[in-house]
There are 2 protein chains.
Amino acid sequence: MTDSSAGNARRKPFEIDGIITEILSRSSQPIGAYEIARQARKQAHRLSPTQVYRCLDRLLAAREVERIVSINAYVTASGHERIHLLCKTCGEVKSVDENIPKEALRSVAKSVKFQASTTHIEVQGQCRSCRS
Amino acid sequence: MTDSSAGNARRKPFEIDGIITEILSRSSQPIGAYEIARQARKQAHRLSPTQVYRCLDRLLAAREVERIVSINAYVTASGHERIHLLCKTCGEVKSVDENIPKEALRSVAKSVKFQASTTHIEVQGQCRSCRS
DNA sequence: CAAAGATTGTGATGATATATCATCTTTAAA
DNA sequence: TTTAAAGATGATATATCATCACAATCTTTG
């Protein structure tokens with residue numbers, strides 16, 4: 001009865017989440033939603049943009065994924081919001097977890113009675129290797 | 001000499017810059033590039049996306065305009081990069097010029113020998129009025 | 001004037017994100 | 001068990017954001 005082989009091969013709830021987190025964790029750099037779909041396709045998982053974004057929304061809410069807003073790309077996260085340094089020359093992104101700027105930012109939000117839920121701290125410039 | 005579209009009303013150099021800065025300064029909130037084009041259209045200025053983006057690039061480089069990366073929108077600037085607080089409830093954006101988080105961020109960049117050119121500090125959450 | 005270079009205008013295209021609708025599964029109530 | 005409601009899924013279409021390519025026009029300069 002619950003054979004599930006009737007009509008479309010439908011996935012279990014949240015099965016896609018695992019597929020996407022795996023793709024993201026294998027990537028050393030942030031990747032876009034459509035690139036995620038392409039990577040999934042290589043593993044024989046056809047995902048529409050809607051499916052990818054729905055999943056990303058869940059993962060973002062759970063802080064398992066972080067969005068690099070200045071380049072519309074996504075990386076794995078681990079609860080903490082990091083500071084992202086994006087090199088315009090080589091394209092590499094270095095993410096660090098530094099408390100002082102975040103604390104200062106929290107303090108600023110508090111001073112204007114703004115309740116923060118998500119923060120984005122991103123820096124564009126040139127990395128160490130590309131400078132020399 | 002291929003085409004015969006010789007009736008183009010051509011603008012003076014950088015005339016569009018003024019049109020766009022005026023539109024942005026009249027708007028109390030960040031607006032997107034296509035919305036800028038629509039506003040310009042109301043003033044009898046037909047601007048293509050290319051024209052708007054070209055102009056925005058110049059204004060961004062001159063720091064006369066700032067880009068809110070998390071919502072792909074633009075606001076007038078005044079040299080300094082500000083911290084943007086975006087209310088998810090009412091959509092209002094409050095921009096503040098606070099030095100402490102920016103200094104802390106500069107220090108982080110320096111510690112990893114990263115030369116920063118542009119920074120984006122954005123906070124999403126709920127503003128004071130929407131909280132109460 | 002003529003060449004060179006910058007700026008503009010336009011259409012096409014690429015890239016990112018959402019809307020909509022139909023189907024299926026789970027859950028819980030009747 | 002039957003049924004209805006809620007939530008998750010799959011697929012197509014569309015909206016939104018951004019860039020590219022190329023020709024036409026203007027400005028500068030020799």
# chains A, B, ... in the order shown; residues from 1 in each chain; ligands from 1

$ residues_around --residues "region 5-11 of chain D" --least-positions-apart "5" --cutoff "12 Å" --atoms "only C-alpha atoms (C1' of nucleotides)" --output "ChimeraX atom specification"
/A:7-16,46-52,54-55 /C:20-29

$ write_last_selection --atoms "N, CA and C atoms (P, O5', C5', C4', C3', O3' and C1' of nucleotides)" --output "compact mmCIF listing (two decimals), in the first residue's frame"
# COMPACT_ATOMS: atom_id res chain seq x y z
N GLY A 7 3.17 6.55 -9.49
CA GLY A 7 3.35 7.87 -10.10
C GLY A 7 4.71 8.45 -9.82
N ASN A 8 4.75 9.71 -9.37
CA ASN A 8 6.02 10.39 -9.17
C ASN A 8 6.79 9.85 -7.98
N ALA A 9 8.08 9.71 -8.18
CA ALA A 9 8.93 9.30 -7.08
C ALA A 9 9.04 10.46 -6.10
N ARG A 10 8.30 10.40 -5.08
CA ARG A 10 8.25 11.50 -4.12
C ARG A 10 9.20 11.23 -2.97
N ARG A 11 9.91 12.25 -2.56
CA ARG A 11 10.89 12.07 -1.49
C ARG A 11 10.25 12.15 -0.12
N LYS A 12 10.95 11.61 0.83
CA LYS A 12 10.52 11.76 2.22
C LYS A 12 10.66 13.22 2.62
N PRO A 13 9.88 13.63 3.61
CA PRO A 13 10.00 15.01 4.09
C PRO A 13 11.43 15.34 4.50
N PHE A 14 11.89 16.49 4.06
CA PHE A 14 13.21 17.00 4.46
C PHE A 14 14.37 16.18 3.94
N GLU A 15 14.11 15.27 3.02
CA GLU A 15 15.21 14.50 2.47
C GLU A 15 16.16 15.41 1.69
N ILE A 16 15.59 16.42 1.05
CA ILE A 16 16.40 17.35 0.26
C ILE A 16 17.38 18.11 1.14
N ARG A 46 17.17 15.70 -9.46
CA ARG A 46 16.70 16.89 -10.16
C ARG A 46 15.94 17.78 -9.19
N LEU A 47 16.45 18.98 -8.97
CA LEU A 47 15.78 19.90 -8.05
C LEU A 47 15.44 21.19 -8.78
N SER A 48 14.21 21.63 -8.63
CA SER A 48 13.82 22.91 -9.22
C SER A 48 14.28 24.03 -8.29
N PRO A 49 14.40 25.25 -8.82
CA PRO A 49 14.77 26.39 -7.97
C PRO A 49 13.90 26.47 -6.72
N THR A 50 12.62 26.31 -6.91
CA THR A 50 11.71 26.36 -5.75
C THR A 50 12.13 25.39 -4.66
N GLN A 51 12.45 24.18 -5.07
CA GLN A 51 12.82 23.17 -4.08
C GLN A 51 14.10 23.58 -3.34
N VAL A 52 15.05 24.10 -4.10
CA VAL A 52 16.31 24.50 -3.48
C VAL A 52 16.08 25.65 -2.50
N ARG A 54 13.29 26.59 -1.00
CA ARG A 54 12.49 26.17 0.16
C ARG A 54 13.39 25.52 1.20
N CYS A 55 14.26 24.67 0.70
CA CYS A 55 15.16 23.97 1.59
C CYS A 55 16.14 24.95 2.25
P DT C 20 0.50 34.44 -6.41
O5' DT C 20 0.13 33.05 -7.10
C5' DT C 20 0.43 32.88 -8.48
C4' DT C 20 0.21 31.44 -8.88
C3' DT C 20 -0.93 30.74 -8.14
O3' DT C 20 -1.88 30.31 -9.09
C1' DT C 20 0.99 29.36 -8.27
P DC C 21 -3.36 29.80 -8.57
O5' DC C 21 -3.25 28.25 -8.90
C5' DC C 21 -2.71 27.85 -10.16
C4' DC C 21 -2.38 26.37 -10.12
C3' DC C 21 -3.42 25.53 -9.38
O3' DC C 21 -3.74 24.40 -10.18
C1' DC C 21 -1.25 25.06 -8.59
P DA C 22 -5.08 23.58 -9.86
O5' DA C 22 -4.54 22.08 -9.86
C5' DA C 22 -3.54 21.70 -10.80
C4' DA C 22 -2.74 20.54 -10.24
C3' DA C 22 -3.59 19.51 -9.50
O3' DA C 22 -3.27 18.20 -9.96
C1' DA C 22 -1.79 20.21 -8.14
P DT C 23 -4.04 16.93 -9.34
O5' DT C 23 -2.92 16.24 -8.44
C5' DT C 23 -1.63 16.06 -8.98
C4' DT C 23 -0.71 15.56 -7.87
C3' DT C 23 -1.27 14.39 -7.06
O3' DT C 23 -0.29 13.37 -7.04
C1' DT C 23 -0.46 16.08 -5.63
P DC C 24 -0.75 11.86 -6.57
O5' DC C 24 -0.04 11.73 -5.14
C5' DC C 24 1.36 11.92 -5.06
C4' DC C 24 1.74 12.21 -3.62
C3' DC C 24 1.24 11.17 -2.61
O3' DC C 24 2.36 10.50 -2.06
C1' DC C 24 0.94 13.41 -1.83
P DT C 25 2.13 9.33 -0.94
O5' DT C 25 2.28 10.15 0.42
C5' DT C 25 3.40 11.00 0.57
C4' DT C 25 3.48 11.48 2.01
C3' DT C 25 3.12 10.43 3.05
O3' DT C 25 4.10 10.46 4.08
C1' DT C 25 1.75 12.38 3.32
P DT C 26 3.94 9.46 5.36
O5' DT C 26 3.39 10.44 6.48
C5' DT C 26 3.99 11.73 6.61
C4' DT C 26 3.20 12.57 7.61
C3' DT C 26 2.81 11.83 8.88
O3' DT C 26 3.24 12.59 10.00
C1' DT C 26 0.94 12.93 7.94
P DT C 27 3.15 11.95 11.48
O5' DT C 27 1.91 12.74 12.09
C5' DT C 27 1.74 14.12 11.78
C4' DT C 27 0.35 14.56 12.19
C3' DT C 27 -0.19 13.86 13.43
O3' DT C 27 -0.44 14.83 14.43
C1' DT C 27 -1.81 13.93 11.68
P DA C 28 -0.83 14.33 15.91
O5' DA C 28 -2.36 14.76 15.96
C5' DA C 28 -2.78 15.94 15.27
C4' DA C 28 -4.28 15.91 15.12
C3' DA C 28 -5.02 15.27 16.30
O3' DA C 28 -6.19 16.00 16.57
C1' DA C 28 -5.64 14.20 14.33
P DA C 29 -6.93 15.81 17.98
O5' DA C 29 -8.42 16.22 17.60
C5' DA C 29 -8.65 17.14 16.52
C4' DA C 29 -9.83 16.68 15.67
C3' DA C 29 -11.04 16.21 16.49
O3' DA C 29 -12.21 16.75 15.94
C1' DA C 29 -10.41 14.54 14.94

$ interface_residues --of "chain C" --to "chain B" --cutoff "8 Å" --atoms "only C-alpha atoms (C1' of nucleotides)" --output "list of chain:residue names"
C:DT7, C:DT8, C:DG9, C:DT10

$ write_last_selection --atoms "N, CA and C atoms (P, O5', C5', C4', C3', O3' and C1' of nucleotides)" --output "short mmCIF file (atom, residue, chain, number, x, y, z; two decimals), in the first residue's frame"
data_model
loop_
_atom_site.label_atom_id
_atom_site.label_comp_id
_atom_site.auth_asym_id
_atom_site.auth_seq_id
_atom_site.Cartn_x
_atom_site.Cartn_y
_atom_site.Cartn_z
P DT C 7 33.44 58.52 -19.51
"O5'" DT C 7 32.07 58.61 -20.31
"C5'" DT C 7 31.66 59.84 -20.89
"C4'" DT C 7 30.34 59.66 -21.59
"C3'" DT C 7 29.30 58.86 -20.78
"O3'" DT C 7 28.13 59.65 -20.61
"C1'" DT C 7 29.46 58.07 -23.02
P DT C 8 26.87 59.06 -19.86
"O5'" DT C 8 25.94 58.64 -21.08
"C5'" DT C 8 25.62 59.60 -22.09
"C4'" DT C 8 24.89 58.92 -23.23
"C3'" DT C 8 23.65 58.14 -22.79
"O3'" DT C 8 22.49 58.71 -23.37
"C1'" DT C 8 25.02 56.87 -24.28
P DG C 9 21.05 58.18 -22.94
"O5'" DG C 9 20.77 57.06 -24.03
"C5'" DG C 9 20.77 57.42 -25.41
"C4'" DG C 9 20.29 56.25 -26.27
"C3'" DG C 9 19.10 55.48 -25.69
"O3'" DG C 9 18.18 55.23 -26.75
"C1'" DG C 9 20.93 54.00 -26.04
P DT C 10 16.77 54.61 -26.47
"O5'" DT C 10 16.98 53.08 -26.82
"C5'" DT C 10 17.65 52.74 -28.03
"C4'" DT C 10 17.84 51.23 -28.14
"C3'" DT C 10 16.76 50.40 -27.45
"O3'" DT C 10 16.13 49.60 -28.43
"C1'" DT C 10 18.94 49.58 -26.96
#

$ interface_residues --of "chain B" --to "chain A" --cutoff "9 Å" --atoms "only C-alpha atoms" --output "PDB file with C-alpha atoms, in the first residue's frame"
ATOM      1  CA  ILE B  68      21.891  47.394   0.870  1.00  0.00           C
ATOM      2  CA  VAL B  69      23.104  43.987  -0.134  1.00  0.00           C
ATOM      3  CA  SER B  70      20.645  41.875   1.784  1.00  0.00           C
ATOM      4  CA  ILE B  71      17.685  43.288  -0.118  1.00  0.00           C
ATOM      5  CA  ASN B  72      19.348  44.438  -3.342  1.00  0.00           C
ATOM      6  CA  ILE B  83      25.074  50.231   9.520  1.00  0.00           C
ATOM      7  CA  LEU B  85      18.850  48.082  10.452  1.00  0.00           C
ATOM      8  CA  LEU B  86      16.077  46.497   8.398  1.00  0.00           C
ATOM      9  CA  CYS B  87      12.707  45.857   9.988  1.00  0.00           C
ATOM     10  CA  VAL B  96      23.279  54.714  11.481  1.00  0.00           C
ATOM     11  CA  GLU B  98      28.510  54.088  14.340  1.00  0.00           C
ATOM     12  CA  ILE B 100      32.801  51.105  17.144  1.00  0.00           C
ATOM     13  CA  PRO B 101      31.592  48.117  15.123  1.00  0.00           C
ATOM     14  CA  LYS B 102      33.346  49.431  12.049  1.00  0.00           C
ATOM     15  CA  GLU B 103      36.597  49.914  13.929  1.00  0.00           C
ATOM     16  CA  ALA B 104      36.334  46.424  15.363  1.00  0.00           C
ATOM     17  CA  LEU B 105      35.724  45.070  11.909  1.00  0.00           C
ATOM     18  CA  VAL B 108      39.606  41.930  12.357  1.00  0.00           C
ATOM     19  CA  ALA B 109      40.464  42.455   8.710  1.00  0.00           C
ATOM     20  CA  VAL B 112      44.225  38.413   8.890  1.00  0.00           C
ATOM     21  CA  LYS B 113      46.071  40.816   6.574  1.00  0.00           C
ATOM     22  CA  PHE B 114      42.996  41.493   4.520  1.00  0.00           C
ATOM     23  CA  GLN B 115      42.818  44.864   2.832  1.00  0.00           C
ATOM     24  CA  ALA B 116      39.216  46.013   3.014  1.00  0.00           C
ATOM     25  CA  SER B 117      37.697  48.254   0.388  1.00  0.00           C
ATOM     26  CA  THR B 118      33.997  47.994   1.083  1.00  0.00           C
ATOM     27  CA  THR B 119      32.084  46.735   4.091  1.00  0.00           C
ATOM     28  CA  HIS B 120      28.480  45.785   4.545  1.00  0.00           C
ATOM     29  CA  ILE B 121      26.965  45.675   7.989  1.00  0.00           C
ATOM     30  CA  GLU B 122      23.279  44.905   7.973  1.00  0.00           C
ATOM     31  CA  VAL B 123      20.917  43.776  10.670  1.00  0.00           C
ATOM     32  CA  GLN B 124      17.498  42.282  10.164  1.00  0.00           C
ATOM     33  CA  GLY B 125      14.908  42.199  12.862  1.00  0.00           C
ATOM     34  CA  GLN B 126      12.148  44.311  14.301  1.00  0.00           C
ATOM     35  CA  CYS B 127      12.212  48.019  14.868  1.00  0.00           C
ATOM     36  CA  ARG B 128      11.107  49.869  17.949  1.00  0.00           C
ATOM     37  CA  ARG B 131       7.982  45.812  18.751  1.00  0.00           C
TER      38      ARG B 131
END

$ select_by_dssp --residues "region 37-129 of chain A" --states "helix (DSSP H, G or I)" --output "ChimeraX atom specification"
/A:37-42,49-61,99-111,128-129

$ interface_residues --of "chain D" --to "chain B" --cutoff "12 Å" --atoms "only C-alpha atoms (C1' of nucleotides)" --output "NGL selection string"
:D and (15-27)

$ residues_around --residues "DA2 (chain C)" --least-positions-apart "4" --cutoff "12 Å" --atoms "only C-alpha atoms (C1' of nucleotides)" --output "PyMOL selection string"
chain D and resi 28-30

$ residues_around --residues "Gly79 (chain B)" --least-positions-apart "5" --cutoff "9 Å" --atoms "only C-alpha atoms (C1' of nucleotides)" --output "PyMOL selection string"
chain B and resi 62-65

$ residues_around --residues "Thr76 (chain B)" --least-positions-apart "6" --cutoff "10 Å" --atoms "only C-alpha atoms (C1' of nucleotides)" --output "ChimeraX atom specification"
/B:20-30,59-60,63-67

$ write_last_selection --atoms "N, CA and C atoms" --output "PDB file, in the first residue's frame"
ATOM      1  N   ILE B  20      19.097  60.150 -10.956  1.00  0.00           N
ATOM      2  CA  ILE B  20      19.012  59.032 -10.021  1.00  0.00           C
ATOM      3  C   ILE B  20      19.271  59.454  -8.579  1.00  0.00           C
ATOM      4  N   THR B  21      20.253  60.313  -8.391  1.00  0.00           N
ATOM      5  CA  THR B  21      20.489  60.759  -7.009  1.00  0.00           C
ATOM      6  C   THR B  21      19.269  61.500  -6.475  1.00  0.00           C
ATOM      7  N   GLU B  22      18.600  62.225  -7.342  1.00  0.00           N
ATOM      8  CA  GLU B  22      17.406  62.946  -6.897  1.00  0.00           C
ATOM      9  C   GLU B  22      16.300  61.966  -6.513  1.00  0.00           C
ATOM     10  N   ILE B  23      16.111  60.959  -7.338  1.00  0.00           N
ATOM     11  CA  ILE B  23      15.091  59.945  -7.037  1.00  0.00           C
ATOM     12  C   ILE B  23      15.407  59.266  -5.711  1.00  0.00           C
ATOM     13  N   LEU B  24      16.686  58.925  -5.521  1.00  0.00           N
ATOM     14  CA  LEU B  24      17.071  58.234  -4.294  1.00  0.00           C
ATOM     15  C   LEU B  24      16.925  59.133  -3.073  1.00  0.00           C
ATOM     16  N   SER B  25      17.255  60.398  -3.232  1.00  0.00           N
ATOM     17  CA  SER B  25      17.191  61.271  -2.060  1.00  0.00           C
ATOM     18  C   SER B  25      15.751  61.610  -1.709  1.00  0.00           C
ATOM     19  N   ARG B  26      14.865  61.538  -2.687  1.00  0.00           N
ATOM     20  CA  ARG B  26      13.447  61.774  -2.391  1.00  0.00           C
ATOM     21  C   ARG B  26      12.826  60.575  -1.696  1.00  0.00           C
ATOM     22  N   SER B  27      13.405  59.395  -1.925  1.00  0.00           N
ATOM     23  CA  SER B  27      12.839  58.196  -1.310  1.00  0.00           C
ATOM     24  C   SER B  27      13.342  58.051   0.123  1.00  0.00           C
ATOM     25  N   SER B  28      12.419  57.810   1.017  1.00  0.00           N
ATOM     26  CA  SER B  28      12.829  57.661   2.416  1.00  0.00           C
ATOM     27  C   SER B  28      13.399  56.276   2.663  1.00  0.00           C
ATOM     28  N   GLN B  29      13.182  55.380   1.701  1.00  0.00           N
ATOM     29  CA  GLN B  29      13.625  54.006   1.867  1.00  0.00           C
ATOM     30  C   GLN B  29      14.476  53.555   0.685  1.00  0.00           C
ATOM     31  N   PRO B  30      15.258  52.494   0.912  1.00  0.00           N
ATOM     32  CA  PRO B  30      16.050  51.955  -0.203  1.00  0.00           C
ATOM     33  C   PRO B  30      15.134  51.482  -1.317  1.00  0.00           C
ATOM     34  N   LEU B  59      28.046  56.072  -8.968  1.00  0.00           N
ATOM     35  CA  LEU B  59      27.661  56.672  -7.695  1.00  0.00           C
ATOM     36  C   LEU B  59      28.149  55.838  -6.513  1.00  0.00           C
ATOM     37  N   LEU B  60      28.174  54.537  -6.678  1.00  0.00           N
ATOM     38  CA  LEU B  60      28.690  53.667  -5.628  1.00  0.00           C
ATOM     39  C   LEU B  60      30.182  53.894  -5.451  1.00  0.00           C
ATOM     40  N   ARG B  63      30.878  56.800  -3.608  1.00  0.00           N
ATOM     41  CA  ARG B  63      30.252  56.725  -2.286  1.00  0.00           C
ATOM     42  C   ARG B  63      29.128  57.744  -2.109  1.00  0.00           C
ATOM     43  N   GLU B  64      28.466  58.064  -3.212  1.00  0.00           N
ATOM     44  CA  GLU B  64      27.295  58.933  -3.111  1.00  0.00           C
ATOM     45  C   GLU B  64      26.042  58.089  -2.919  1.00  0.00           C
ATOM     46  N   VAL B  65      26.212  56.810  -3.187  1.00  0.00           N
ATOM     47  CA  VAL B  65      25.112  55.863  -3.030  1.00  0.00           C
ATOM     48  C   VAL B  65      25.657  54.636  -2.331  1.00  0.00           C
ATOM     49  N   GLU B  66      24.811  54.022  -1.536  1.00  0.00           N
ATOM     50  CA  GLU B  66      25.217  52.801  -0.855  1.00  0.00           C
ATOM     51  C   GLU B  66      24.235  51.699  -1.212  1.00  0.00           C
ATOM     52  N   ARG B  67      24.753  50.485  -1.286  1.00  0.00           N
ATOM     53  CA  ARG B  67      23.921  49.341  -1.656  1.00  0.00           C
ATOM     54  C   ARG B  67      23.584  48.521  -0.430  1.00  0.00           C
TER      55      ARG B  67
END

$ select_by_dssp --residues "chain B" --states "strand (DSSP E or B)" --output "JSON, numbers by chain"
{"B": [31, 65, 66, 67, 68, 73, 74, 75, 76, 78, 80, 83, 84, 85, 86, 87, 93, 94, 95, 96, 115, 116, 117, 118, 119, 120, 121, 122, 123, 124, 125, 126]}

$ atom_distance --atom1 "CA of Ile31 (chain B)" --atom2 "CA of Tyr74 (chain B)"
5.4 Å

$ atom_distance --atom1 "CA of Glu92 (chain A)" --atom2 "CA of Ala44 (chain A)"
28.3 Å

$ atom_distance --atom1 "CA of Arg38 (chain A)" --atom2 "CA of Arg58 (chain A)"
19.8 Å
